[in-house]
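J.: This is the structure, below, for whatever I ask next.
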Amino acid sequence: MPVYIALLRAINVGGTGSLPMAELKAICKGLGFSDVKTYIQSGNVLFHSDEAEKTVEEKLDAALGQKVGKRPGVMVRSRKELDAIAAGAPFPDAKPNFLLVYFLPEKPPADALEKMVAPDGEEAKLGTYEIYVHYPNGSGRSKLKLPALNTGTSRNLNTVRKLAEMAAALEDGD
C-alpha cells in the first residue's frame, strides 16, 4: 500500500487556520487512511492509502474544508518524489533551513520567475511541481515577491528530508 505525505497549506500553530495535529490525525483516520503520523505543528501528515494520489488529495482537502470552514489546499507527494526533490535542491551551498521548497498544486509556468522581485539576493529555481527559493538572510524578514508562490506551501529542506525519512520508515513497516 502506498505511503503518501500530505502537505497542508494555511494550517498554523495558532490563529487563522489553526488545527491541532491530533485532530488532523483523527480526520485522516476517519477517511480510512492507516498508520497516520504527523510531523511538527505545521500541517505535515504521512499515511498509507490504497487510493490514487489525486483522490487522497481531494478527500483530505474537502474534509479539512469542512473542519476549518475553508479548504486549505493540500499537496500530496510520495516518498520517491520527496527524495527526488531533496536530491535535486539547486543551491548546494545554502543552509538547509534557508532553502525553502514551495510545493504547488500544479506545474509552475515556464515564466514563473520573470516577475520575481528579490531585494535581499534571494534566488529561485523551478522544479517539476515546486519552486526552490534560497533566502540568504532567512525568510522571516524577506521582502521577496514572487506571485507563483501564492498557491503553494513551503517546507525547508531539513523538513523535506525528515518527511522523506519518515516515509521510508513507514514503507519499511516501522
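Residue numbers start at 1 in each chain; chains themselves are named A, B, ... in the order of the C-alpha cells; ligands are numbered from 1 in the order shown.
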Quick one: residues within 12 Å of Asp93 in chain A, only C-alpha atoms counted, chain neighbours fewer than 5 positions away excluded, as a ChimeraX atom specification?

T.: /A:98-99,134-136

J.: Name the residues in contact with Tyr39 in chain A at a cut-off of 12 Å, using only C-alpha atoms, excluding same-chain residues fewer than 3 positions from it; report them as a list in words.

T.: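 The residues that qualify are Ile5, Ala6, Leu7, Leu8, Pro20, Met21, Ala22, Leu24, Lys25, Val36, Ser42, Gly43, Asn44, Val45, Leu46, Phe47, Arg155, Thr159, Val160, Arg161, Lys162, Leu163, Ala164, Glu165, Met166 and Ala167 of chain A.
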
J.: Give me the residues within 9 Å of range 70-85 of chain A as a PDB file with N, CA and C atoms, in the first residue's frame, counting only C-alpha atoms and dropping any in the same chain fewer than 6 places off.

T.:
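Listed below is the output, out-v8.pdb:
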ATOM      1  N   PRO A   2       0.638   2.201  -0.872  1.00  0.00           N
ATOM      2  CA  PRO A   2       1.498   3.389  -0.960  1.00  0.00           C
ATOM      3  C   PRO A   2       1.487   4.247   0.298  1.00  0.00           C
ATOM      4  N   VAL A   3       2.616   4.885   0.546  1.00  0.00           N
ATOM      5  CA  VAL A   3       2.728   5.886   1.606  1.00  0.00           C
ATOM      6  C   VAL A   3       2.625   7.251   0.937  1.00  0.00           C
ATOM      7  N   TYR A   4       1.788   8.096   1.489  1.00  0.00           N
ATOM      8  CA  TYR A   4       1.646   9.454   0.988  1.00  0.00           C
ATOM      9  C   TYR A   4       2.061  10.446   2.072  1.00  0.00           C
ATOM     10  N   ILE A   5       2.592  11.563   1.629  1.00  0.00           N
ATOM     11  CA  ILE A   5       2.912  12.676   2.500  1.00  0.00           C
ATOM     12  C   ILE A   5       2.013  13.820   2.056  1.00  0.00           C
ATOM     13  N   ALA A   6       1.164  14.290   2.963  1.00  0.00           N
ATOM     14  CA  ALA A   6       0.277  15.411   2.655  1.00  0.00           C
ATOM     15  C   ALA A   6       0.838  16.662   3.319  1.00  0.00           C
ATOM     16  N   LEU A   7       0.967  17.706   2.528  1.00  0.00           N
ATOM     17  CA  LEU A   7       1.474  18.997   2.981  1.00  0.00           C
ATOM     18  C   LEU A   7       0.319  19.976   2.900  1.00  0.00           C
ATOM     19  N   LEU A   8      -0.093  20.459   4.047  1.00  0.00           N
ATOM     20  CA  LEU A   8      -1.258  21.334   4.111  1.00  0.00           C
ATOM     21  C   LEU A   8      -0.838  22.784   4.036  1.00  0.00           C
ATOM     22  N   ARG A   9      -1.607  23.524   3.298  1.00  0.00           N
ATOM     23  CA  ARG A   9      -1.387  24.962   3.151  1.00  0.00           C
ATOM     24  C   ARG A   9      -2.280  25.685   4.157  1.00  0.00           C
ATOM     25  N   ALA A  10      -1.807  26.777   4.696  1.00  0.00           N
ATOM     26  CA  ALA A  10      -2.595  27.643   5.578  1.00  0.00           C
ATOM     27  C   ALA A  10      -3.044  26.950   6.861  1.00  0.00           C
ATOM     28  N   ILE A  11      -2.242  26.009   7.346  1.00  0.00           N
ATOM     29  CA  ILE A  11      -2.511  25.385   8.645  1.00  0.00           C
ATOM     30  C   ILE A  11      -1.364  25.799   9.558  1.00  0.00           C
ATOM     31  N   GLY A  17      -6.577  29.271  10.618  1.00  0.00           N
ATOM     32  CA  GLY A  17      -6.149  28.000  10.069  1.00  0.00           C
ATOM     33  C   GLY A  17      -5.542  27.073  11.101  1.00  0.00           C
ATOM     34  N   GLU A  53      -3.315   9.123  -5.655  1.00  0.00           N
ATOM     35  CA  GLU A  53      -2.798  10.349  -5.052  1.00  0.00           C
ATOM     36  C   GLU A  53      -3.785  11.509  -5.155  1.00  0.00           C
ATOM     37  N   LYS A  54      -4.343  11.742  -6.324  1.00  0.00           N
ATOM     38  CA  LYS A  54      -5.276  12.863  -6.511  1.00  0.00           C
ATOM     39  C   LYS A  54      -6.567  12.664  -5.717  1.00  0.00           C
ATOM     40  N   VAL A  56      -6.802  10.988  -2.836  1.00  0.00           N
ATOM     41  CA  VAL A  56      -6.407  11.241  -1.452  1.00  0.00           C
ATOM     42  C   VAL A  56      -6.350  12.752  -1.206  1.00  0.00           C
ATOM     43  N   GLU A  57      -5.729  13.467  -2.120  1.00  0.00           N
ATOM     44  CA  GLU A  57      -5.589  14.919  -2.009  1.00  0.00           C
ATOM     45  C   GLU A  57      -6.956  15.596  -1.914  1.00  0.00           C
ATOM     46  N   GLU A  58      -7.855  15.223  -2.797  1.00  0.00           N
ATOM     47  CA  GLU A  58      -9.187  15.816  -2.846  1.00  0.00           C
ATOM     48  C   GLU A  58      -9.991  15.492  -1.586  1.00  0.00           C
ATOM     49  N   LEU A  60      -8.922  14.663   1.432  1.00  0.00           N
ATOM     50  CA  LEU A  60      -8.366  15.319   2.609  1.00  0.00           C
ATOM     51  C   LEU A  60      -8.657  16.822   2.580  1.00  0.00           C
ATOM     52  N   ASP A  61      -8.517  17.442   1.432  1.00  0.00           N
ATOM     53  CA  ASP A  61      -8.796  18.877   1.317  1.00  0.00           C
ATOM     54  C   ASP A  61     -10.263  19.162   1.630  1.00  0.00           C
ATOM     55  N   ALA A  62     -11.170  18.331   1.126  1.00  0.00           N
ATOM     56  CA  ALA A  62     -12.606  18.518   1.383  1.00  0.00           C
ATOM     57  C   ALA A  62     -12.927  18.335   2.863  1.00  0.00           C
ATOM     58  N   ALA A  63     -12.357  17.310   3.486  1.00  0.00           N
ATOM     59  CA  ALA A  63     -12.606  17.057   4.912  1.00  0.00           C
ATOM     60  C   ALA A  63     -12.061  18.198   5.773  1.00  0.00           C
ATOM     61  N   LEU A  64     -10.903  18.700   5.422  1.00  0.00           N
ATOM     62  CA  LEU A  64     -10.325  19.821   6.162  1.00  0.00           C
ATOM     63  C   LEU A  64     -11.148  21.090   5.961  1.00  0.00           C
ATOM     64  N   VAL A 101      11.335  24.879  -0.096  1.00  0.00           N
ATOM     65  CA  VAL A 101      10.711  24.248  -1.244  1.00  0.00           C
ATOM     66  C   VAL A 101       9.234  24.601  -1.169  1.00  0.00           C
ATOM     67  N   PHE A 103       5.805  23.798  -2.473  1.00  0.00           N
ATOM     68  CA  PHE A 103       5.051  22.752  -3.150  1.00  0.00           C
ATOM     69  C   PHE A 103       3.814  23.391  -3.761  1.00  0.00           C
ATOM     70  N   LEU A 104       3.584  23.112  -5.036  1.00  0.00           N
ATOM     71  CA  LEU A 104       2.494  23.742  -5.778  1.00  0.00           C
ATOM     72  C   LEU A 104       1.473  22.695  -6.205  1.00  0.00           C
ATOM     73  N   PRO A 105       0.210  23.093  -6.389  1.00  0.00           N
ATOM     74  CA  PRO A 105      -0.808  22.141  -6.817  1.00  0.00           C
ATOM     75  C   PRO A 105      -0.684  21.732  -8.289  1.00  0.00           C
ATOM     76  N   GLY A 127      11.191  23.649 -10.098  1.00  0.00           N
ATOM     77  CA  GLY A 127      11.209  22.197 -10.059  1.00  0.00           C
ATOM     78  C   GLY A 127      10.052  21.703 -10.909  1.00  0.00           C
ATOM     79  N   THR A 128       9.683  20.449 -10.737  1.00  0.00           N
ATOM     80  CA  THR A 128       8.584  19.888 -11.512  1.00  0.00           C
ATOM     81  C   THR A 128       7.233  20.436 -11.046  1.00  0.00           C
ATOM     82  N   GLU A 130       7.223  22.240  -7.987  1.00  0.00           N
ATOM     83  CA  GLU A 130       7.689  23.040  -6.877  1.00  0.00           C
ATOM     84  C   GLU A 130       8.621  24.138  -7.364  1.00  0.00           C
ATOM     85  N   THR A 151      -0.044  29.996  -4.424  1.00  0.00           N
ATOM     86  CA  THR A 151      -0.925  28.836  -4.313  1.00  0.00           C
ATOM     87  C   THR A 151      -0.258  27.668  -3.600  1.00  0.00           C
ATOM     88  N   GLY A 152       1.001  27.834  -3.229  1.00  0.00           N
ATOM     89  CA  GLY A 152       1.747  26.726  -2.655  1.00  0.00           C
ATOM     90  C   GLY A 152       1.904  26.782  -1.150  1.00  0.00           C
ATOM     91  N   THR A 153       2.632  25.816  -0.651  1.00  0.00           N
ATOM     92  CA  THR A 153       3.003  25.747   0.754  1.00  0.00           C
ATOM     93  C   THR A 153       4.475  25.379   0.821  1.00  0.00           C
ATOM     94  N   VAL A 160      11.817  18.651   4.476  1.00  0.00           N
ATOM     95  CA  VAL A 160      11.596  17.758   3.332  1.00  0.00           C
ATOM     96  C   VAL A 160      12.376  16.455   3.535  1.00  0.00           C
ATOM     97  N   ARG A 161      13.627  16.578   3.962  1.00  0.00           N
ATOM     98  CA  ARG A 161      14.451  15.381   4.210  1.00  0.00           C
ATOM     99  C   ARG A 161      13.866  14.521   5.326  1.00  0.00           C
ATOM    100  N   LEU A 163      10.708  14.361   6.332  1.00  0.00           N
ATOM    101  CA  LEU A 163       9.478  13.723   5.860  1.00  0.00           C
ATOM    102  C   LEU A 163       9.788  12.532   4.960  1.00  0.00           C
ATOM    103  N   ALA A 164      10.795  12.656   4.112  1.00  0.00           N
ATOM    104  CA  ALA A 164      11.203  11.536   3.253  1.00  0.00           C
ATOM    105  C   ALA A 164      11.707  10.379   4.109  1.00  0.00           C
ATOM    106  N   GLU A 165      12.468  10.691   5.146  1.00  0.00           N
ATOM    107  CA  GLU A 165      12.991   9.668   6.064  1.00  0.00           C
ATOM    108  C   GLU A 165      11.830   8.974   6.804  1.00  0.00           C
ATOM    109  N   MET A 166      10.862   9.742   7.269  1.00  0.00           N
ATOM    110  CA  MET A 166       9.708   9.165   7.955  1.00  0.00           C
ATOM    111  C   MET A 166       8.887   8.296   6.998  1.00  0.00           C
ATOM    112  N   ALA A 167       8.753   8.727   5.758  1.00  0.00           N
ATOM    113  CA  ALA A 167       8.008   7.936   4.763  1.00  0.00           C
ATOM    114  C   ALA A 167       8.729   6.624   4.480  1.00  0.00           C
ATOM    115  N   ALA A 168      10.055   6.666   4.411  1.00  0.00           N
ATOM    116  CA  ALA A 168      10.831   5.438   4.193  1.00  0.00           C
ATOM    117  C   ALA A 168      10.602   4.464   5.338  1.00  0.00           C
ATOM    118  N   GLU A 171       7.203   2.944   4.996  1.00  0.00           N
ATOM    119  CA  GLU A 171       7.207   1.930   3.930  1.00  0.00           C
ATOM    120  C   GLU A 171       7.836   0.640   4.414  1.00  0.00           C
TER     121      GLU A 171
END

J.: If you run DSSP on the backbone, which residues of range 86-145 of chain A are helix (DSSP H, G or I), as a PyMOL selection string?

T.: chain A and resi 86-87+96-98

J.: Using only C-alpha atoms, which residues sit within 10 Å of Lys145 in chain A once same-chain residues fewer than 3 positions away are excluded, as a ChimeraX atom specification?

T.: /A:113,115-119,122,142,148-150

J.: Excluding same-chain residues fewer than 4 positions from Glu114 in chain A, what lies within 10 Å of it counting only C-alpha atoms, as a PyMOL selection string?

T.: chain A and resi 110+146-148

J.: Emit the selected residues as a tab-separated table (two decimals), in the first residue's frame, including N, CA and C atoms.

T.:
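Printed below is selection_26.tsv as written:
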chain	number	residue	atom	x	y	z
A	110	ALA	N	6.41	28.21	-17.14
A	110	ALA	CA	7.82	28.40	-17.52
A	110	ALA	C	8.32	29.81	-17.20
A	146	LEU	N	7.11	37.00	-5.35
A	146	LEU	CA	7.08	36.00	-6.41
A	146	LEU	C	5.66	35.43	-6.46
A	147	PRO	N	4.79	36.01	-7.31
A	147	PRO	CA	3.38	35.63	-7.34
A	147	PRO	C	3.13	34.13	-7.52
A	148	ALA	N	4.01	33.42	-8.18
A	148	ALA	CA	3.82	31.99	-8.42
A	148	ALA	C	3.79	31.18	-7.13

J.: Rank nothing, just name the residue among A:Val133, A:Val68, A:Ala26, A:Ile40 nearest to Ala94 in chain A, using only C-alpha atoms.

T.: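 The shortest atom-to-atom distance to Ala94 in chain A comes from A:Val133.
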
J.: Between CA of Ser139 in chain A and CA of Thr38 in chain A, what distance in Å does the model show, to one decimal?

T.: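 A separation of 23.8 Å between them.
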
J.: Between CA of Asn156 in chain A and CA of Lys37 in chain A, what is the spacing in Å?

T.: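 Calculated distance between CA of Lys37 in chain A and CA of Asn156 in chain A is 19.0 Å.
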
J.: Where does DSSP see strand (DSSP E or B) in range 58-172 of chain A, if you list the residues as a compact mmCIF listing (two decimals) with C-alpha atoms, in the first residue's frame?

T.:
# COMPACT_ATOMS: atom_id res chain seq x y z
CA VAL A 74 -3.40 20.03 0.19
CA MET A 75 -0.39 18.90 -1.81
CA VAL A 76 0.25 15.14 -1.70
CA ARG A 77 3.60 13.64 -2.63
CA SER A 78 5.17 10.20 -2.50
CA LEU A 99 16.32 26.83 1.38
CA LEU A 100 12.55 26.55 1.10
CA VAL A 101 10.71 24.25 -1.24
CA TYR A 102 7.33 25.64 -2.27
CA PHE A 103 5.05 22.75 -3.15
CA VAL A 117 11.48 40.83 -7.04
CA GLU A 123 17.42 33.04 -5.70
CA ALA A 124 14.76 30.76 -7.13
CA LYS A 125 14.69 27.75 -9.45
CA LEU A 126 11.78 25.84 -10.90
CA GLU A 130 7.69 23.04 -6.88
CA ILE A 131 9.81 26.15 -6.72
CA TYR A 132 13.03 26.21 -4.71
CA VAL A 133 13.87 29.53 -3.03
CA HIS A 134 17.14 30.30 -1.30
CA LYS A 145 7.83 39.00 -4.24
CA THR A 153 3.00 25.75 0.75
CA SER A 154 6.63 25.76 1.78
CA ARG A 155 8.87 23.50 3.82
CA ASN A 156 12.57 24.00 4.42

J.: CA of Ala87 in chain A to CA of Gly173 in chain A: how many Å, to one decimal?

T.: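 Separating CA of Ala87 in chain A from CA of Gly173 in chain A is a distance of 23.6 Å.
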